[in-house]
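Pasting entry25.csv here (CSV, C-alpha atoms):
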```
chain,number,residue,atom,x,y,z
J,1,MET,CA,2.1,-1.1,34.5
J,2,ALA,CA,3.0,2.3,33.2
J,3,ASP,CA,4.1,0.9,29.8
J,4,THR,CA,0.8,-1.0,29.6
J,5,GLN,CA,-1.2,2.1,30.4
J,6,ARG,CA,0.7,4.2,27.8
J,7,GLY,CA,0.3,1.4,25.2
J,8,ALA,CA,-3.5,1.4,25.9
J,9,ALA,CA,-3.6,5.2,25.5
J,10,VAL,CA,-1.8,5.0,22.2
J,11,GLN,CA,-4.3,2.3,21.0
J,12,ALA,CA,-7.2,4.4,22.2
J,13,GLN,CA,-5.9,7.3,20.1
J,14,GLY,CA,-5.9,5.2,17.0
J,15,SER,CA,-2.5,3.5,16.7
J,16,ASP,CA,-3.9,1.1,14.1
J,17,VAL,CA,-2.8,3.2,11.2
J,18,VAL,CA,-5.4,1.9,8.6
J,19,ALA,CA,-8.3,1.5,11.0
J,20,PRO,CA,-11.1,4.1,10.3
J,21,ALA,CA,-11.7,4.5,14.1
J,22,PRO,CA,-10.7,2.8,17.3
J,23,GLN,CA,-12.8,-0.3,18.1
J,24,GLN,CA,-13.6,-1.9,21.4
J,25,VAL,CA,-12.2,-5.5,21.4
J,26,GLU,CA,-12.0,-8.2,24.0
J,27,PRO,CA,-8.4,-8.6,25.5
J,28,SER,CA,-8.2,-12.2,24.2
J,29,ALA,CA,-8.9,-11.0,20.7
J,30,VAL,CA,-6.1,-8.4,20.6
J,31,ILE,CA,-3.4,-9.1,18.0
J,32,ALA,CA,-0.5,-6.9,16.8
J,33,ASP,CA,-1.4,-4.3,14.2
J,34,PRO,CA,-0.5,-5.8,10.8
J,35,ALA,CA,-0.7,-2.4,9.0
J,36,PRO,CA,3.0,-1.4,9.3
J,37,LEU,CA,3.9,-4.7,7.7
J,38,GLY,CA,1.5,-4.3,4.9
J,39,LEU,CA,2.5,-0.7,4.2
J,40,ALA,CA,6.2,-1.6,4.4
J,41,GLY,CA,5.9,-4.4,1.9
J,42,PHE,CA,3.8,-2.2,-0.4
J,43,ALA,CA,6.2,0.7,-0.1
J,44,MET,CA,9.4,-1.2,-0.8
J,45,THR,CA,8.1,-3.0,-3.9
J,46,THR,CA,6.5,0.1,-5.2
J,47,PHE,CA,9.7,2.1,-4.7
J,48,VAL,CA,11.9,-0.4,-6.6
J,49,LEU,CA,9.5,-0.8,-9.6
J,50,SER,CA,9.0,3.0,-9.7
J,51,TRP,CA,12.7,3.6,-9.8
J,52,PHE,CA,12.7,1.8,-13.1
J,53,ASN,CA,9.5,3.5,-14.4
J,54,ALA,CA,11.0,6.9,-13.6
J,55,LYS,CA,14.0,5.9,-15.8
J,56,LEU,CA,16.5,6.4,-12.9
J,57,ILE,CA,18.0,3.1,-14.1
J,58,SER,CA,18.1,2.7,-17.9
J,59,ASN,CA,19.1,-0.9,-18.0
J,60,THR,CA,15.7,-2.6,-18.3
J,61,THR,CA,17.1,-6.1,-17.8
J,62,LEU,CA,17.7,-5.2,-14.1
J,63,GLU,CA,13.9,-4.9,-13.6
J,64,ALA,CA,14.0,-8.6,-12.7
J,65,VAL,CA,15.0,-7.5,-9.2
J,66,VAL,CA,11.3,-6.4,-8.7
J,67,LEU,CA,10.0,-10.0,-9.1
J,68,PRO,CA,11.3,-11.5,-5.8
J,69,LEU,CA,10.0,-8.5,-3.9
J,70,ALA,CA,6.7,-8.7,-5.7
J,71,LEU,CA,6.3,-12.4,-4.7
J,72,PHE,CA,7.4,-12.4,-1.1
J,73,TYR,CA,7.3,-8.9,0.4
J,74,GLY,CA,4.9,-6.8,-1.6
J,75,GLY,CA,2.9,-10.0,-2.4
J,76,LEU,CA,2.9,-12.7,0.3
J,77,ALA,CA,3.7,-10.6,3.3
J,78,GLN,CA,1.2,-7.9,2.4
J,79,PHE,CA,-1.5,-10.6,1.6
J,80,LEU,CA,-0.9,-12.1,5.1
J,81,ALA,CA,-1.3,-8.6,6.6
J,82,GLY,CA,-4.7,-8.4,4.9
J,83,MET,CA,-5.6,-11.7,6.5
J,84,TRP,CA,-4.7,-10.4,9.9
J,85,GLU,CA,-6.7,-7.3,9.3
J,86,PHE,CA,-9.7,-9.6,8.8
J,87,ARG,CA,-8.9,-11.1,12.2
J,88,LYS,CA,-8.9,-7.6,13.7
J,89,GLY,CA,-12.3,-6.8,12.1
J,90,ASN,CA,-10.9,-4.0,10.0
J,91,THR,CA,-12.7,-4.2,6.6
J,92,PHE,CA,-10.7,-1.4,5.0
J,93,GLY,CA,-7.3,-2.8,5.9
J,94,ALA,CA,-8.3,-6.3,5.0
J,95,LEU,CA,-9.5,-5.3,1.6
J,96,ALA,CA,-6.6,-3.0,0.9
J,97,PHE,CA,-3.7,-5.2,2.0
J,98,THR,CA,-5.2,-8.5,0.6
J,99,SER,CA,-6.0,-6.8,-2.7
J,100,PHE,CA,-2.6,-5.1,-3.2
J,101,GLY,CA,-0.8,-8.3,-2.0
J,102,ALA,CA,-2.7,-10.1,-4.8
J,103,PHE,CA,-1.8,-7.3,-7.1
J,104,TRP,CA,1.9,-7.8,-6.7
J,105,LEU,CA,1.5,-11.6,-6.9
J,106,SER,CA,-0.4,-11.3,-10.1
J,107,PHE,CA,2.0,-8.6,-11.5
J,108,ALA,CA,4.9,-11.0,-11.0
J,109,ALA,CA,3.0,-13.8,-12.7
J,110,TYR,CA,2.0,-11.5,-15.6
J,111,VAL,CA,5.5,-10.2,-16.2
J,112,LYS,CA,7.1,-13.6,-15.9
J,113,PHE,CA,4.7,-15.9,-17.7
J,114,VAL,CA,2.1,-13.9,-19.7
J,115,ALA,CA,3.6,-10.6,-21.1
J,116,PRO,CA,6.5,-12.3,-23.0
J,117,GLY,CA,4.1,-14.2,-25.2
J,118,LEU,CA,1.8,-11.3,-26.0
J,119,GLY,CA,4.0,-9.7,-28.6
J,120,ALA,CA,2.6,-6.5,-30.1
J,121,ASN,CA,-0.6,-6.8,-28.0
J,122,ALA,CA,1.4,-6.6,-24.7
J,123,SER,CA,0.8,-2.8,-24.2
J,124,THR,CA,-2.9,-3.2,-24.7
J,125,ALA,CA,-3.1,-6.0,-22.1
J,126,THR,CA,-0.9,-4.1,-19.7
J,127,GLY,CA,-3.0,-1.0,-20.0
J,128,LEU,CA,-6.2,-3.0,-19.2
J,129,PHE,CA,-4.4,-4.6,-16.2
J,130,LEU,CA,-3.4,-1.2,-14.9
J,131,LEU,CA,-6.8,0.4,-15.6
J,132,VAL,CA,-8.8,-2.0,-13.4
J,133,TRP,CA,-6.3,-1.4,-10.6
J,134,THR,CA,-6.7,2.4,-11.2
J,135,ILE,CA,-10.5,2.0,-10.7
J,136,PHE,CA,-10.1,-0.1,-7.6
J,137,THR,CA,-7.6,2.3,-6.0
J,138,ALA,CA,-9.8,5.3,-6.8
J,139,TYR,CA,-12.8,3.9,-5.0
J,140,MET,CA,-10.6,2.8,-2.1
J,141,THR,CA,-9.5,6.5,-1.9
J,142,VAL,CA,-13.1,7.4,-1.1
J,143,ALA,CA,-13.1,5.1,1.8
J,144,ALA,CA,-9.6,6.2,2.9
J,145,ALA,CA,-11.0,9.7,3.4
J,146,ARG,CA,-12.4,8.3,6.7
J,147,VAL,CA,-9.2,6.8,7.9
J,148,ASN,CA,-6.4,9.4,8.3
J,149,ALA,CA,-4.5,11.9,6.2
J,150,ALA,CA,-1.4,9.7,5.9
J,151,VAL,CA,-3.4,6.7,4.4
J,152,LEU,CA,-5.5,9.1,2.3
J,153,ALA,CA,-2.3,10.5,0.8
J,154,VAL,CA,-1.0,7.0,0.0
J,155,PHE,CA,-4.2,6.3,-2.0
J,156,VAL,CA,-4.4,9.6,-3.7
J,157,PHE,CA,-0.8,9.3,-5.0
J,158,LEU,CA,-1.3,5.6,-5.9
J,159,THR,CA,-4.4,6.4,-7.9
J,160,LEU,CA,-2.5,9.0,-9.9
J,161,THR,CA,0.4,6.6,-10.3
J,162,PHE,CA,-1.9,3.9,-11.8
J,163,LEU,CA,-3.6,6.5,-14.0
J,164,PHE,CA,-0.4,7.7,-15.6
J,165,LEU,CA,1.0,4.2,-16.0
J,166,THR,CA,-2.3,3.2,-17.7
J,167,ILE,CA,-2.1,6.1,-20.1
J,168,GLY,CA,1.6,5.4,-20.6
J,169,ALA,CA,0.8,1.7,-21.5
J,170,TRP,CA,-2.1,2.5,-23.9
J,171,ALA,CA,-0.7,5.6,-25.6
J,172,PRO,CA,2.1,4.3,-25.6
J,173,SER,CA,4.0,7.1,-24.0
J,174,SER,CA,7.3,6.8,-22.2
J,175,THR,CA,6.8,10.3,-20.7
J,176,MET,CA,3.5,9.3,-19.1
J,177,THR,CA,5.1,6.1,-17.7
J,178,GLN,CA,8.0,8.2,-16.4
J,179,ILE,CA,5.6,10.6,-14.6
J,180,GLY,CA,3.9,7.5,-13.2
J,181,GLY,CA,7.2,6.3,-11.9
J,182,TRP,CA,7.9,9.6,-10.1
J,183,LEU,CA,4.4,9.5,-8.6
J,184,GLY,CA,5.1,5.9,-7.5
J,185,LEU,CA,8.2,7.0,-5.7
J,186,VAL,CA,6.2,9.6,-3.8
J,187,THR,CA,3.6,7.0,-3.0
J,188,ALA,CA,6.3,4.7,-1.6
J,189,VAL,CA,7.8,7.4,0.6
J,190,VAL,CA,4.4,8.3,2.0
J,191,ALA,CA,3.6,4.6,2.6
J,192,TRP,CA,6.9,4.1,4.3
J,193,TYR,CA,6.2,7.1,6.6
J,194,THR,CA,2.8,5.7,7.5
J,195,SER,CA,4.4,2.3,8.3
J,196,LEU,CA,7.1,4.0,10.4
J,197,ALA,CA,4.5,6.0,12.3
J,198,GLY,CA,2.6,2.8,13.1
J,199,VAL,CA,5.5,0.9,14.4
J,200,THR,CA,7.2,3.8,16.1
J,201,ASN,CA,4.1,5.0,17.9
J,202,PHE,CA,3.5,1.5,19.2
J,203,THR,CA,7.0,0.8,20.4
J,204,TRP,CA,7.5,4.2,22.0
J,205,LYS,CA,4.0,4.0,23.6
J,206,ARG,CA,3.1,7.5,22.5
J,207,ASN,CA,2.2,9.4,19.3
J,208,ILE,CA,5.6,10.5,18.0
J,209,LEU,CA,4.8,10.6,14.3
J,210,PRO,CA,1.3,11.9,13.5
J,211,VAL,CA,-0.9,10.3,10.9
J,212,PHE,CA,-3.5,13.0,11.2
J,213,PRO,CA,-6.8,11.3,11.9
J,214,LEU,CA,-9.8,12.4,9.8
J,215,THR,CA,-12.4,11.2,12.2
J,216,PRO,CA,-12.7,12.1,15.9
J,217,ALA,CA,-12.0,9.4,18.5
J,218,PRO,CA,-15.2,8.2,20.2
J,219,HIS,CA,-15.8,9.4,23.8
J,220,ARG,CA,-15.1,6.7,26.4
```
Show the structure stored in the file as structure tokens.
Amino acid sequence: MADTQRGAAVQAQGSDVVAPAPQQVEPSAVIADPAPLGLAGFAMTTFVLSWFNAKLISNTTLEAVVLPLALFYGGLAQFLAGMWEFRKGNTFGALAFTSFGAFWLSFAAYVKFVAPGLGANASTATGLFLLVWTIFTAYMTVAAARVNAAVLAVFVFLTLTFLFLTIGAWAPSSTMTQIGGWLGLVTAVVAWYTSLAGVTNFTWKRNILPVFPLTPAPHR
């Protein structure tokens, strides 16, 4: 009974790490928070790709290691997390995880099937691909300002990552791409922390790792 009460208290304080505010739900409708899964899939795939963008590994043929992660963890697992966020009634989490899961799936398809046949036009197409994701991430950052500081930091750094990668593709400029890679590494670490906070706070039944809510919890 004590664990149940502590778990309820954590949920009341906003344990759903990408939910703008705690919501009243019927007990039969309660499901596990999918946000730690979505954030973990996003963080790991971003980290591995950014490691190459930052030129920490110079052998570009090894970048193929990103594709399985993009398909199954950053892509499929994160997409499913978005579907579960729809089930929880969390519009922000549903849109974010479903979209970025689709990003990684489309990225894998683009790298594997499309880019090799574009020749000299590949950088232009890649720049356009990255630009639209920069725009999407930027307006999601506006919404993230009502979630918590951890999630907001993920979106701020991700917007900057996409921006520098876009410039790097269109310039083209290896320096801009490398800066984007370092920003991507920071983004991944922040996303990992946010995922860790979500799963740790739930399993320990108290707020051990803060995510710094930006909106006050409603009075009950």
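Each of J:Gly74, J:Gly119, J:Gly89, J:Gly198 was compared to Phe103 (chain J) using all atoms listed in the file, and J:Gly74 turns out to be the nearest.
Distances here use only C-alpha atoms; by that measure, the residue among J:Val65, J:Ile57, J:Ser123, J:Phe47 closest to Ser173 (chain J) is J:Ser123.
Our summary of the geometry notes that CA of Ala54 (chain J) is positioned 21.8 Å from CA of Leu71 (chain J).
Each of J:Val48, J:Pro116, J:Pro68, J:Thr126 was compared to Ala171 (chain J) using only C-alpha atoms, and J:Thr126 turns out to be the nearest.
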Note to self: Would you pick out the contacts of region 105-113 of chain J at 12 Å or less, using all atoms listed in the file, so that residues sharing its chain but fewer than 4 positions from it are not included, and give the list as an MDAnalysis selection string?
What the structure shows: chainID J and resid 42 45:46 49 63:79 98:101 117:118 122:123 125:126 129:130 133
Taking C-alpha atoms for each residue, export the selection above as a CSV table (one decimal), keeping the file's coordinate frame.
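File part.csv, as written:
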```csv
chain,number,residue,atom,x,y,z
J,42,PHE,CA,3.8,-2.2,-0.4
J,45,THR,CA,8.1,-3.0,-3.9
J,46,THR,CA,6.5,0.1,-5.2
J,49,LEU,CA,9.5,-0.8,-9.6
J,63,GLU,CA,13.9,-4.9,-13.6
J,64,ALA,CA,14.0,-8.6,-12.7
J,65,VAL,CA,15.0,-7.5,-9.2
J,66,VAL,CA,11.3,-6.4,-8.7
J,67,LEU,CA,10.0,-10.0,-9.1
J,68,PRO,CA,11.3,-11.5,-5.8
J,69,LEU,CA,10.0,-8.5,-3.9
J,70,ALA,CA,6.7,-8.7,-5.7
J,71,LEU,CA,6.3,-12.4,-4.7
J,72,PHE,CA,7.4,-12.4,-1.1
J,73,TYR,CA,7.3,-8.9,0.4
J,74,GLY,CA,4.9,-6.8,-1.6
J,75,GLY,CA,2.9,-10.0,-2.4
J,76,LEU,CA,2.9,-12.7,0.3
J,77,ALA,CA,3.7,-10.6,3.3
J,78,GLN,CA,1.2,-7.9,2.4
J,79,PHE,CA,-1.5,-10.6,1.6
J,98,THR,CA,-5.2,-8.5,0.6
J,99,SER,CA,-6.0,-6.8,-2.7
J,100,PHE,CA,-2.6,-5.1,-3.2
J,101,GLY,CA,-0.8,-8.3,-2.0
J,117,GLY,CA,4.1,-14.2,-25.2
J,118,LEU,CA,1.8,-11.3,-26.0
J,122,ALA,CA,1.4,-6.6,-24.7
J,123,SER,CA,0.8,-2.8,-24.2
J,125,ALA,CA,-3.1,-6.0,-22.1
J,126,THR,CA,-0.9,-4.1,-19.7
J,129,PHE,CA,-4.4,-4.6,-16.2
J,130,LEU,CA,-3.4,-1.2,-14.9
J,133,TRP,CA,-6.3,-1.4,-10.6
```
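Residue nearest Met83 (chain J) within the list J:Leu56, J:Ala102, J:Ala143, J:Leu158: J:Ala102 [criterion: smallest interatomic distance, only C-alpha atoms].
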Checklist line | Computed interatomic separation between CA of Asn53 (chain J) and CA of Ala150 (chain J) (Å) | finding: 23.9 Å
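Restricting the calculation to all atoms listed in the file, the smallest distance between Val18 (chain J) and any of J:Asn90, J:Thr159, J:Asn207, J:Thr215 is found for J:Asn90.
Going from CA of Gly82 (chain J) over to CA of Ala115 (chain J), you cover 27.4 Å.
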Each residue of region 39-128 of chain J lying at most 9 Å from region 135-141 of chain J should get a row with its shortest atom-to-atom pair and the distance in Å to one decimal, counting all atoms listed in the file; could you produce that, ordered by chain and increasing number, as a tab-separated table?
```
residue	atom	partner	partner_atom	distance
J:Phe92	CA	J:Met140	CA	8.2
J:Leu95	CA	J:Met140	CA	9.0
J:Ala96	CA	J:Met140	CA	7.7
```
Note to self: If we count all atoms listed in the file and set the cut-off at 10 Å, which residues sit around Val151 (chain J), ignoring sequence neighbours fewer than 3 positions away in its own chain? Please answer as a PyMOL selection string.
What the structure shows: chain J and resi 17-19+39+141+144-148+154-156+190-191+193-195+211-213
Write a file of the just-selected residues containing C-alpha atoms, as a PDB file, keeping the file's coordinate frame.
```pdb
ATOM      1  CA  VAL J  17      -2.800   3.200  11.200  1.00  0.00           C
ATOM      2  CA  VAL J  18      -5.400   1.900   8.600  1.00  0.00           C
ATOM      3  CA  ALA J  19      -8.300   1.500  11.000  1.00  0.00           C
ATOM      4  CA  LEU J  39       2.500  -0.700   4.200  1.00  0.00           C
ATOM      5  CA  THR J 141      -9.500   6.500  -1.900  1.00  0.00           C
ATOM      6  CA  ALA J 144      -9.600   6.200   2.900  1.00  0.00           C
ATOM      7  CA  ALA J 145     -11.000   9.700   3.400  1.00  0.00           C
ATOM      8  CA  ARG J 146     -12.400   8.300   6.700  1.00  0.00           C
ATOM      9  CA  VAL J 147      -9.200   6.800   7.900  1.00  0.00           C
ATOM     10  CA  ASN J 148      -6.400   9.400   8.300  1.00  0.00           C
ATOM     11  CA  VAL J 154      -1.000   7.000   0.000  1.00  0.00           C
ATOM     12  CA  PHE J 155      -4.200   6.300  -2.000  1.00  0.00           C
ATOM     13  CA  VAL J 156      -4.400   9.600  -3.700  1.00  0.00           C
ATOM     14  CA  VAL J 190       4.400   8.300   2.000  1.00  0.00           C
ATOM     15  CA  ALA J 191       3.600   4.600   2.600  1.00  0.00           C
ATOM     16  CA  TYR J 193       6.200   7.100   6.600  1.00  0.00           C
ATOM     17  CA  THR J 194       2.800   5.700   7.500  1.00  0.00           C
ATOM     18  CA  SER J 195       4.400   2.300   8.300  1.00  0.00           C
ATOM     19  CA  VAL J 211      -0.900  10.300  10.900  1.00  0.00           C
ATOM     20  CA  PHE J 212      -3.500  13.000  11.200  1.00  0.00           C
ATOM     21  CA  PRO J 213      -6.800  11.300  11.900  1.00  0.00           C
TER      22      PRO J 213
END
```
Could N, CA and C atoms be built for region 108-140 of chain J and written out as a compact mmCIF listing (two decimals), in the coordinates of the input?
```txt
# COMPACT_ATOMS: atom_id res chain seq x y z
N ALA J 108 3.75 -10.19 -10.75
CA ALA J 108 4.90 -11.00 -11.00
C ALA J 108 4.60 -12.16 -11.96
N ALA J 109 3.42 -12.76 -11.83
CA ALA J 109 3.00 -13.80 -12.70
C ALA J 109 2.83 -13.30 -14.15
N TYR J 110 2.24 -12.11 -14.27
CA TYR J 110 2.00 -11.50 -15.60
C TYR J 110 3.31 -11.20 -16.29
N VAL J 111 4.24 -10.57 -15.57
CA VAL J 111 5.50 -10.20 -16.20
C VAL J 111 6.33 -11.43 -16.55
N LYS J 112 6.30 -12.44 -15.70
CA LYS J 112 7.10 -13.60 -15.90
C LYS J 112 6.56 -14.58 -16.95
N PHE J 113 5.24 -14.81 -16.90
CA PHE J 113 4.70 -15.90 -17.70
C PHE J 113 3.76 -15.46 -18.84
N VAL J 114 3.15 -14.28 -18.73
CA VAL J 114 2.10 -13.90 -19.70
C VAL J 114 2.65 -12.87 -20.72
N ALA J 115 3.17 -11.75 -20.24
CA ALA J 115 3.60 -10.60 -21.10
C ALA J 115 4.55 -11.05 -22.22
N PRO J 116 5.55 -11.91 -21.92
CA PRO J 116 6.50 -12.30 -23.00
C PRO J 116 5.86 -12.92 -24.21
N GLY J 117 4.70 -13.55 -24.04
CA GLY J 117 4.10 -14.20 -25.20
C GLY J 117 3.01 -13.40 -25.87
N LEU J 118 2.81 -12.14 -25.46
CA LEU J 118 1.80 -11.30 -26.00
C LEU J 118 2.20 -10.55 -27.28
N GLY J 119 3.49 -10.39 -27.45
CA GLY J 119 4.00 -9.70 -28.60
C GLY J 119 3.52 -8.26 -28.70
N ALA J 120 3.00 -7.87 -29.88
CA ALA J 120 2.60 -6.50 -30.10
C ALA J 120 1.38 -6.09 -29.28
N ASN J 121 0.64 -7.06 -28.75
CA ASN J 121 -0.60 -6.80 -28.00
C ASN J 121 -0.25 -6.55 -26.47
N ALA J 122 1.01 -6.64 -26.11
CA ALA J 122 1.40 -6.60 -24.70
C ALA J 122 0.95 -5.24 -24.07
N SER J 123 1.15 -4.12 -24.79
CA SER J 123 0.80 -2.80 -24.20
C SER J 123 -0.65 -2.65 -23.96
N THR J 124 -1.48 -3.22 -24.84
CA THR J 124 -2.90 -3.20 -24.70
C THR J 124 -3.35 -3.95 -23.42
N ALA J 125 -2.80 -5.15 -23.29
CA ALA J 125 -3.10 -6.00 -22.10
C ALA J 125 -2.62 -5.35 -20.84
N THR J 126 -1.42 -4.80 -20.88
CA THR J 126 -0.90 -4.10 -19.70
C THR J 126 -1.72 -2.93 -19.30
N GLY J 127 -2.16 -2.16 -20.30
CA GLY J 127 -3.00 -1.00 -20.00
C GLY J 127 -4.32 -1.41 -19.36
N LEU J 128 -4.92 -2.51 -19.83
CA LEU J 128 -6.20 -3.00 -19.20
C LEU J 128 -5.92 -3.45 -17.79
N PHE J 129 -4.82 -4.16 -17.58
CA PHE J 129 -4.40 -4.60 -16.20
C PHE J 129 -4.30 -3.45 -15.29
N LEU J 130 -3.65 -2.39 -15.76
CA LEU J 130 -3.40 -1.20 -14.90
C LEU J 130 -4.73 -0.41 -14.72
N LEU J 131 -5.59 -0.41 -15.73
CA LEU J 131 -6.80 0.40 -15.60
C LEU J 131 -7.73 -0.17 -14.52
N VAL J 132 -7.89 -1.49 -14.43
CA VAL J 132 -8.80 -2.00 -13.40
C VAL J 132 -8.23 -1.75 -12.00
N TRP J 133 -6.90 -1.70 -11.88
CA TRP J 133 -6.30 -1.40 -10.60
C TRP J 133 -6.44 0.14 -10.29
N THR J 134 -6.47 0.94 -11.34
CA THR J 134 -6.70 2.40 -11.20
C THR J 134 -8.15 2.57 -10.60
N ILE J 135 -9.12 1.87 -11.16
CA ILE J 135 -10.50 2.00 -10.70
C ILE J 135 -10.63 1.52 -9.26
N PHE J 136 -10.02 0.38 -8.94
CA PHE J 136 -10.10 -0.10 -7.60
C PHE J 136 -9.47 0.86 -6.58
N THR J 137 -8.29 1.37 -6.92
CA THR J 137 -7.60 2.30 -6.00
C THR J 137 -8.39 3.60 -5.85
N ALA J 138 -9.05 4.05 -6.93
CA ALA J 138 -9.80 5.30 -6.80
C ALA J 138 -11.00 5.13 -5.87
N TYR J 139 -11.70 4.00 -5.91
CA TYR J 139 -12.80 3.90 -5.00
C TYR J 139 -12.37 3.59 -3.56
N MET J 140 -11.19 2.99 -3.41
CA MET J 140 -10.60 2.80 -2.10
C MET J 140 -10.19 4.17 -1.50
```
